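Peer 1: This one is start-v1.pdb, PDB, C-alpha atoms, pLDDT in the B column.
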ATOM      1  CA  MET A   1       0.000   0.000   0.000  1.00 57.00           C
ATOM      2  CA  ALA A   2       1.331   3.414  -0.981  1.00 79.00           C
ATOM      3  CA  ARG A   3       2.121   6.162   1.496  1.00 90.00           C
ATOM      4  CA  TYR A   4      -0.015   9.298   1.555  1.00 93.00           C
ATOM      5  CA  SER A   5       1.129  12.648   2.907  1.00 94.00           C
ATOM      6  CA  ALA A   6      -2.137  13.104   4.843  1.00 93.00           C
ATOM      7  CA  THR A   7      -4.297  10.781   6.871  1.00 93.00           C
ATOM      8  CA  PRO A   8      -8.082  11.138   6.942  1.00 92.00           C
ATOM      9  CA  ALA A   9      -9.832  11.783  10.258  1.00 88.00           C
ATOM     10  CA  ASN A  10     -11.905   8.614   9.866  1.00 90.00           C
ATOM     11  CA  GLU A  11     -10.295   5.894   7.744  1.00 92.00           C
ATOM     12  CA  ASP A  12     -13.559   3.918   7.453  1.00 93.00           C
ATOM     13  CA  LYS A  13     -15.490   6.897   6.038  1.00 94.00           C
ATOM     14  CA  SER A  14     -12.925   7.892   3.404  1.00 96.00           C
ATOM     15  CA  ALA A  15     -11.583   6.717   0.048  1.00 96.00           C
ATOM     16  CA  LYS A  16      -8.131   7.338  -1.431  1.00 96.00           C
ATOM     17  CA  SER A  17      -6.471   7.235  -4.808  1.00 97.00           C
ATOM     18  CA  GLN A  18      -3.097   8.223  -6.193  1.00 96.00           C
ATOM     19  CA  GLY A  19      -1.059   8.152  -9.377  1.00 97.00           C
ATOM     20  CA  SER A  20       2.719   8.322  -9.723  1.00 97.00           C
ATOM     21  CA  TYR A  21       4.990   9.463 -12.547  1.00 97.00           C
ATOM     22  CA  LEU A  22       2.032  10.641 -14.635  1.00 97.00           C
ATOM     23  CA  ARG A  23       2.997  12.207 -17.975  1.00 98.00           C
ATOM     24  CA  VAL A  24       0.898  15.314 -17.589  1.00 98.00           C
ATOM     25  CA  HIS A  25       2.061  18.891 -17.030  1.00 98.00           C
ATOM     26  CA  PHE A  26       2.772  19.619 -13.373  1.00 98.00           C
ATOM     27  CA  LYS A  27       1.711  23.275 -13.381  1.00 97.00           C
ATOM     28  CA  ASN A  28      -1.606  22.718 -15.164  1.00 98.00           C
ATOM     29  CA  THR A  29      -2.402  19.813 -12.852  1.00 98.00           C
ATOM     30  CA  VAL A  30      -1.698  21.935  -9.744  1.00 98.00           C
ATOM     31  CA  GLU A  31      -4.219  24.547 -10.907  1.00 98.00           C
ATOM     32  CA  ALA A  32      -6.845  21.925 -11.801  1.00 98.00           C
ATOM     33  CA  ALA A  33      -6.363  20.245  -8.418  1.00 98.00           C
ATOM     34  CA  ASN A  34      -6.736  23.536  -6.537  1.00 98.00           C
ATOM     35  CA  ALA A  35      -9.964  24.200  -8.435  1.00 97.00           C
ATOM     36  CA  ILE A  36     -11.633  21.028  -7.094  1.00 97.00           C
ATOM     37  CA  LYS A  37     -10.241  21.062  -3.546  1.00 97.00           C
ATOM     38  CA  GLY A  38     -13.104  21.131  -1.042  1.00 95.00           C
ATOM     39  CA  ARG A  39     -15.786  20.269  -3.602  1.00 96.00           C
ATOM     40  CA  LYS A  40     -18.182  17.364  -3.334  1.00 96.00           C
ATOM     41  CA  LEU A  41     -17.002  14.322  -5.300  1.00 96.00           C
ATOM     42  CA  LEU A  42     -19.854  14.277  -7.832  1.00 96.00           C
ATOM     43  CA  ASN A  43     -19.639  18.068  -8.223  1.00 97.00           C
ATOM     44  CA  ALA A  44     -15.903  17.813  -8.974  1.00 97.00           C
ATOM     45  CA  ILE A  45     -16.504  15.113 -11.597  1.00 98.00           C
ATOM     46  CA  SER A  46     -19.152  17.196 -13.385  1.00 98.00           C
ATOM     47  CA  TYR A  47     -16.931  20.306 -13.151  1.00 98.00           C
ATOM     48  CA  LEU A  48     -13.969  18.544 -14.782  1.00 98.00           C
ATOM     49  CA  ASN A  49     -16.259  17.201 -17.518  1.00 98.00           C
ATOM     50  CA  ASP A  50     -17.362  20.804 -18.135  1.00 97.00           C
ATOM     51  CA  VAL A  51     -13.687  21.838 -18.312  1.00 98.00           C
ATOM     52  CA  LYS A  52     -13.103  19.202 -21.005  1.00 97.00           C
ATOM     53  CA  GLU A  53     -16.044  20.621 -22.997  1.00 97.00           C
ATOM     54  CA  HIS A  54     -14.828  24.238 -22.396  1.00 97.00           C
ATOM     55  CA  LYS A  55     -18.062  25.130 -20.553  1.00 98.00           C
ATOM     56  CA  GLN A  56     -16.132  26.143 -17.388  1.00 97.00           C
ATOM     57  CA  CYS A  57     -12.502  27.129 -17.030  1.00 97.00           C
ATOM     58  CA  VAL A  58      -9.857  26.293 -14.445  1.00 98.00           C
ATOM     59  CA  PRO A  59      -8.706  29.516 -12.749  1.00 98.00           C
ATOM     60  CA  PHE A  60      -4.946  29.970 -12.987  1.00 97.00           C
ATOM     61  CA  ARG A  61      -3.765  31.706  -9.832  1.00 96.00           C
ATOM     62  CA  LYS A  62      -0.220  30.517  -9.156  1.00 96.00           C
ATOM     63  CA  PHE A  63       1.250  29.447 -12.487  1.00 96.00           C
ATOM     64  CA  HIS A  64      -0.469  32.108 -14.590  1.00 95.00           C
ATOM     65  CA  GLY A  65       2.439  33.665 -16.500  1.00 95.00           C
ATOM     66  CA  GLY A  66       1.384  34.135 -20.127  1.00 94.00           C
ATOM     67  CA  SER A  67      -2.110  32.746 -19.537  1.00 94.00           C
ATOM     68  CA  GLY A  68      -4.898  34.438 -21.431  1.00 95.00           C
ATOM     69  CA  ARG A  69      -7.939  36.006 -19.869  1.00 97.00           C
ATOM     70  CA  THR A  70     -11.429  34.595 -20.149  1.00 96.00           C
ATOM     71  CA  ALA A  71     -14.857  35.685 -18.966  1.00 97.00           C
ATOM     72  CA  GLN A  72     -15.416  32.224 -17.449  1.00 97.00           C
ATOM     73  CA  ALA A  73     -12.731  32.997 -14.844  1.00 97.00           C
ATOM     74  CA  SER A  74     -14.891  35.741 -13.306  1.00 96.00           C
ATOM     75  CA  ALA A  75     -16.901  32.983 -11.577  1.00 96.00           C
ATOM     76  CA  PHE A  76     -13.754  32.382  -9.477  1.00 96.00           C
ATOM     77  CA  LYS A  77     -13.054  36.121  -8.911  1.00 96.00           C
ATOM     78  CA  THR A  78     -10.026  36.141 -11.176  1.00 96.00           C
ATOM     79  CA  THR A  79      -9.370  36.954 -14.830  1.00 97.00           C
ATOM     80  CA  LYS A  80      -6.973  34.260 -16.019  1.00 97.00           C
ATOM     81  CA  GLY A  81      -8.145  30.755 -16.801  1.00 97.00           C
ATOM     82  CA  ARG A  82      -7.511  27.832 -19.121  1.00 97.00           C
ATOM     83  CA  TRP A  83      -8.954  24.424 -20.000  1.00 98.00           C
ATOM     84  CA  PRO A  84      -6.253  21.823 -19.213  1.00 97.00           C
ATOM     85  CA  GLU A  85      -7.950  18.801 -20.763  1.00 97.00           C
ATOM     86  CA  LYS A  86      -5.172  16.277 -20.190  1.00 98.00           C
ATOM     87  CA  SER A  87      -4.881  17.236 -16.506  1.00 98.00           C
ATOM     88  CA  ALA A  88      -8.661  17.010 -16.224  1.00 98.00           C
ATOM     89  CA  ASN A  89      -8.602  13.508 -17.733  1.00 98.00           C
ATOM     90  CA  PHE A  90      -5.927  12.266 -15.314  1.00 98.00           C
ATOM     91  CA  ILE A  91      -7.700  13.744 -12.267  1.00 98.00           C
ATOM     92  CA  LEU A  92     -11.045  12.377 -13.511  1.00 98.00           C
ATOM     93  CA  GLY A  93      -9.501   8.912 -13.659  1.00 98.00           C
ATOM     94  CA  LEU A  94      -8.411   9.195 -10.027  1.00 98.00           C
ATOM     95  CA  LEU A  95     -11.845  10.529  -9.009  1.00 98.00           C
ATOM     96  CA  GLN A  96     -13.528   7.566 -10.734  1.00 98.00           C
ATOM     97  CA  ASN A  97     -11.182   5.311  -8.744  1.00 97.00           C
ATOM     98  CA  ILE A  98     -12.220   7.070  -5.512  1.00 97.00           C
ATOM     99  CA  LYS A  99     -15.873   6.668  -6.518  1.00 97.00           C
ATOM    100  CA  SER A 100     -15.354   2.913  -7.004  1.00 97.00           C
ATOM    101  CA  ASN A 101     -13.506   2.644  -3.691  1.00 96.00           C
ATOM    102  CA  ALA A 102     -16.320   4.495  -1.926  1.00 96.00           C
ATOM    103  CA  GLU A 103     -18.953   2.209  -3.449  1.00 96.00           C
ATOM    104  CA  GLN A 104     -16.881  -0.786  -2.324  1.00 96.00           C
ATOM    105  CA  LYS A 105     -16.905   0.573   1.253  1.00 94.00           C
ATOM    106  CA  ASN A 106     -20.663   1.326   1.022  1.00 94.00           C
ATOM    107  CA  LEU A 107     -20.141   5.052   1.526  1.00 94.00           C
ATOM    108  CA  GLU A 108     -22.689   7.646   0.492  1.00 93.00           C
ATOM    109  CA  LEU A 109     -21.425   9.293  -2.720  1.00 94.00           C
ATOM    110  CA  ASP A 110     -23.522  12.453  -2.284  1.00 93.00           C
ATOM    111  CA  ALA A 111     -21.782  13.176   1.027  1.00 92.00           C
ATOM    112  CA  MET A 112     -18.212  12.575  -0.220  1.00 95.00           C
ATOM    113  CA  VAL A 113     -16.033  15.704  -0.151  1.00 96.00           C
ATOM    114  CA  ILE A 114     -12.483  16.071  -1.481  1.00 97.00           C
ATOM    115  CA  LYS A 115     -10.600  16.799   1.729  1.00 96.00           C
ATOM    116  CA  HIS A 116      -7.039  16.434   0.432  1.00 97.00           C
ATOM    117  CA  ILE A 117      -5.560  16.718  -3.032  1.00 98.00           C
ATOM    118  CA  GLN A 118      -1.852  17.118  -3.623  1.00 98.00           C
ATOM    119  CA  VAL A 119       0.261  17.361  -6.743  1.00 98.00           C
ATOM    120  CA  ASN A 120       4.020  16.847  -6.504  1.00 98.00           C
ATOM    121  CA  ALA A 121       6.593  17.215  -9.256  1.00 98.00           C
ATOM    122  CA  ALA A 122       8.070  13.914 -10.432  1.00 97.00           C
ATOM    123  CA  PRO A 123      11.598  13.557 -11.850  1.00 98.00           C
ATOM    124  CA  LYS A 124      11.877  15.255 -15.214  1.00 97.00           C
ATOM    125  CA  GLN A 125      12.223  13.081 -18.291  1.00 96.00           C
ATOM    126  CA  ARG A 126      15.020  14.055 -20.650  1.00 97.00           C
ATOM    127  CA  ARG A 127      14.976  14.452 -24.388  1.00 96.00           C
ATOM    128  CA  ARG A 128      17.046  16.757 -26.536  1.00 97.00           C
ATOM    129  CA  THR A 129      16.459  19.177 -29.348  1.00 98.00           C
ATOM    130  CA  PHE A 130      19.001  20.005 -31.999  1.00 98.00           C
ATOM    131  CA  ARG A 131      19.728  23.672 -32.618  1.00 97.00           C
ATOM    132  CA  ALA A 132      21.630  25.698 -35.154  1.00 98.00           C
ATOM    133  CA  HIS A 133      25.426  25.514 -35.397  1.00 98.00           C
ATOM    134  CA  GLY A 134      25.577  22.007 -33.907  1.00 97.00           C
ATOM    135  CA  ARG A 135      24.241  22.904 -30.486  1.00 98.00           C
ATOM    136  CA  ILE A 136      22.005  20.607 -28.448  1.00 98.00           C
ATOM    137  CA  ASN A 137      19.534  21.847 -25.834  1.00 98.00           C
ATOM    138  CA  PRO A 138      17.545  19.889 -23.231  1.00 97.00           C
ATOM    139  CA  PHE A 139      13.910  19.158 -23.995  1.00 97.00           C
ATOM    140  CA  MET A 140      12.405  18.100 -20.659  1.00 97.00           C
ATOM    141  CA  SER A 141       8.935  16.907 -19.670  1.00 97.00           C
ATOM    142  CA  ASN A 142       7.463  17.763 -16.270  1.00 97.00           C
ATOM    143  CA  PRO A 143       5.489  14.766 -14.948  1.00 98.00           C
ATOM    144  CA  CYS A 144       3.800  14.693 -11.570  1.00 98.00           C
ATOM    145  CA  HIS A 145       2.442  12.567  -8.726  1.00 98.00           C
ATOM    146  CA  ILE A 146      -1.192  13.115  -7.682  1.00 98.00           C
ATOM    147  CA  GLU A 147      -2.909  11.923  -4.505  1.00 98.00           C
ATOM    148  CA  ILE A 148      -6.527  12.504  -3.518  1.00 98.00           C
ATOM    149  CA  ILE A 149      -8.431  11.702  -0.324  1.00 97.00           C
ATOM    150  CA  ALA A 150     -12.209  12.104  -0.160  1.00 97.00           C
ATOM    151  CA  SER A 151     -14.168  11.689   3.055  1.00 96.00           C
ATOM    152  CA  GLU A 152     -17.813  11.415   3.925  1.00 93.00           C
ATOM    153  CA  GLU A 153     -18.793  14.743   5.425  1.00 87.00           C
ATOM    154  CA  LEU A 154     -20.365  14.436   8.839  1.00 79.00           C
ATOM    155  CA  ASN A 155     -23.324  16.567   9.884  1.00 75.00           C
ATOM    156  CA  GLN A 156     -21.820  19.977  10.373  1.00 73.00           C
ATOM    157  CA  ILE A 157     -22.827  22.143  13.302  1.00 76.00           C
ATOM    158  CA  LYS A 158     -23.768  25.588  12.103  1.00 80.00           C
ATOM    159  CA  LYS A 159     -21.946  28.535  13.592  1.00 81.00           C
ATOM    160  CA  ALA A 160     -23.892  30.701  15.996  1.00 82.00           C
ATOM    161  CA  GLU A 161     -24.814  34.087  14.626  1.00 85.00           C
ATOM    162  CA  ARG A 162     -22.448  36.746  15.829  1.00 84.00           C
ATOM    163  CA  VAL A 163     -23.872  39.627  17.799  1.00 84.00           C
ATOM    164  CA  VAL A 164     -22.264  42.807  16.539  1.00 82.00           C
ATOM    165  CA  VAL A 165     -21.297  45.156  19.353  1.00 82.00           C
ATOM    166  CA  HIS A 166     -20.474  48.682  18.244  1.00 83.00           C
ATOM    167  CA  ASN A 167     -17.838  50.556  20.180  1.00 88.00           C
ATOM    168  CA  PHE A 168     -18.788  54.163  19.569  1.00 89.00           C
ATOM    169  CA  THR A 169     -16.365  56.996  20.140  1.00 91.00           C
ATOM    170  CA  ARG A 170     -17.335  59.854  22.450  1.00 92.00           C
ATOM    171  CA  ARG A 171     -17.983  62.056  19.462  1.00 93.00           C
ATOM    172  CA  GLN A 172     -20.305  59.484  17.847  1.00 91.00           C
ATOM    173  CA  LEU A 173     -22.181  59.085  21.150  1.00 91.00           C
ATOM    174  CA  ALA A 174     -22.565  62.874  21.448  1.00 92.00           C
ATOM    175  CA  ILE A 175     -23.939  63.113  17.908  1.00 92.00           C
ATOM    176  CA  LYS A 176     -26.413  60.279  18.587  1.00 89.00           C
ATOM    177  CA  HIS A 177     -27.469  61.989  21.852  1.00 90.00           C
ATOM    178  CA  ASN A 178     -28.018  65.305  20.071  1.00 91.00           C
ATOM    179  CA  GLU A 179     -30.069  63.650  17.324  1.00 89.00           C
ATOM    180  CA  ALA A 180     -32.186  61.862  19.935  1.00 89.00           C
ATOM    181  CA  THR A 181     -32.884  65.074  21.865  1.00 88.00           C
ATOM    182  CA  ARG A 182     -33.881  66.996  18.688  1.00 84.00           C
ATOM    183  CA  ALA A 183     -36.448  64.416  17.665  1.00 69.00           C
TER     184      ALA A 183
END
Please rewrite the model in this file as C-alpha cells.
Peer 2:
Amino acid sequence: MARYSATPANEDKSAKSQGSYLRVHFKNTVEAANAIKGRKLLNAISYLNDVKEHKQCVPFRKFHGGSGRTAQASAFKTTKGRWPEKSANFILGLLQNIKSNAEQKNLELDAMVIKHIQVNAAPKQRRRTFRAHGRINPFMSNPCHIEIIASEELNQIKKAERVVVHNFTRRQLAIKHNEATRA
C-alpha cells in the first residue's frame, strides 16, 4: 500500500487514490487540483467534464504567467483561466477510482467531499532538441504525482450568529445623543 502525505480523520469513512509518474504537465495539474479542492465528489466530476467541454474554465492563480484572460474565470473572482484537458482527464480517472472505492466501502457518494488533493513534481524526463550551429539543448517533460483523499462529510454544526457590538467613540455618542434630543 502506498504512502499518503495526509491521513483522513476517519479511515472507514474515506476513500483514497493516487497516481505516480504521470505524464501530464505539473503546473496545469496543480491549478486543476486547486480548483476542485473542497468540492463534493460528484460536483468535482461534473466540473472537470465541463472543463473538457470548455463550458467552465480552471482559474490559474499561481502558475499564470502568459495565460490568457477569459470571462469564465470571473466565476472564481479572477481573470486568467484555461482548460487543461489532459490534466482534467488524469484527475477524472483518479476521481472515478475514488468513486469505485467508496462504493466498495458502502459510503454515500452524495456526502463525499475532497478533503485532500496534492500534486508533486516527479523527476523530469530528458529528451534533446538540436539547434543551429551544432548545439544541443535539453527538452524536458514535467510529470507529476497526484494523490486525492475524499471523506464522507459528517453533519456539520452551524456557527452561531455573531452579535455585533459597536464601540462608539465619544464624538459618535454625542452626535447620537443630540439627534435623539432633537427628535
Peer 1: Could you state the separation of CA of Gly65 in chain A and CA of Lys80 in chain A in Å, given to one decimal place?
Peer 2: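 Atom-to-atom, CA of Gly65 in chain A and CA of Lys80 in chain A are spaced 9.4 Å apart.
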Peer 1: Identify which of the residues A:Leu173, A:Ala111, A:Leu95, A:Ala102 lies closest to Gln156 in chain A, counting all atoms listed in the file when measuring atom-to-atom distances.
Peer 2: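 Smallest separation from Gln156 in chain A among the options: A:Ala111.
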Peer 1: So that I can check the surroundings of Pro138 in chain A, please list as a ChimeraX atom specification every protein, DNA and RNA residue that reaches within 7 Å of it, counting only C-alpha atoms and ignoring chain neighbours fewer than 5 positions away.
Peer 2: /A:126-129
Peer 1: Mind telling me what the PyMOL selection byres ((chain A and resi 143-147) around 10) catches here, as a compact mmCIF listing (two decimals) with C-alpha atoms, keeping the file's coordinate frame?
Peer 2:
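Saved as result20.txt:
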# COMPACT_ATOMS: atom_id res chain seq x y z
CA ARG A 3 2.12 6.16 1.50
CA TYR A 4 -0.02 9.30 1.56
CA SER A 5 1.13 12.65 2.91
CA ALA A 6 -2.14 13.10 4.84
CA LYS A 16 -8.13 7.34 -1.43
CA SER A 17 -6.47 7.24 -4.81
CA GLN A 18 -3.10 8.22 -6.19
CA GLY A 19 -1.06 8.15 -9.38
CA SER A 20 2.72 8.32 -9.72
CA TYR A 21 4.99 9.46 -12.55
CA LEU A 22 2.03 10.64 -14.64
CA ARG A 23 3.00 12.21 -17.98
CA VAL A 24 0.90 15.31 -17.59
CA HIS A 25 2.06 18.89 -17.03
CA PHE A 26 2.77 19.62 -13.37
CA LYS A 27 1.71 23.28 -13.38
CA THR A 29 -2.40 19.81 -12.85
CA VAL A 30 -1.70 21.94 -9.74
CA ALA A 33 -6.36 20.24 -8.42
CA PHE A 90 -5.93 12.27 -15.31
CA ILE A 91 -7.70 13.74 -12.27
CA LEU A 94 -8.41 9.20 -10.03
CA HIS A 116 -7.04 16.43 0.43
CA ILE A 117 -5.56 16.72 -3.03
CA GLN A 118 -1.85 17.12 -3.62
CA VAL A 119 0.26 17.36 -6.74
CA ASN A 120 4.02 16.85 -6.50
CA ALA A 121 6.59 17.22 -9.26
CA ALA A 122 8.07 13.91 -10.43
CA PRO A 123 11.60 13.56 -11.85
CA LYS A 124 11.88 15.26 -15.21
CA GLN A 125 12.22 13.08 -18.29
CA MET A 140 12.40 18.10 -20.66
CA SER A 141 8.94 16.91 -19.67
CA ASN A 142 7.46 17.76 -16.27
CA ILE A 148 -6.53 12.50 -3.52
CA ILE A 149 -8.43 11.70 -0.32
Peer 1: By how many Å are CA of Lys86 in chain A and CA of His64 in chain A apart?
Peer 2: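 Pair CA of Lys86 in chain A / CA of His64 in chain A returns 17.4 Å.
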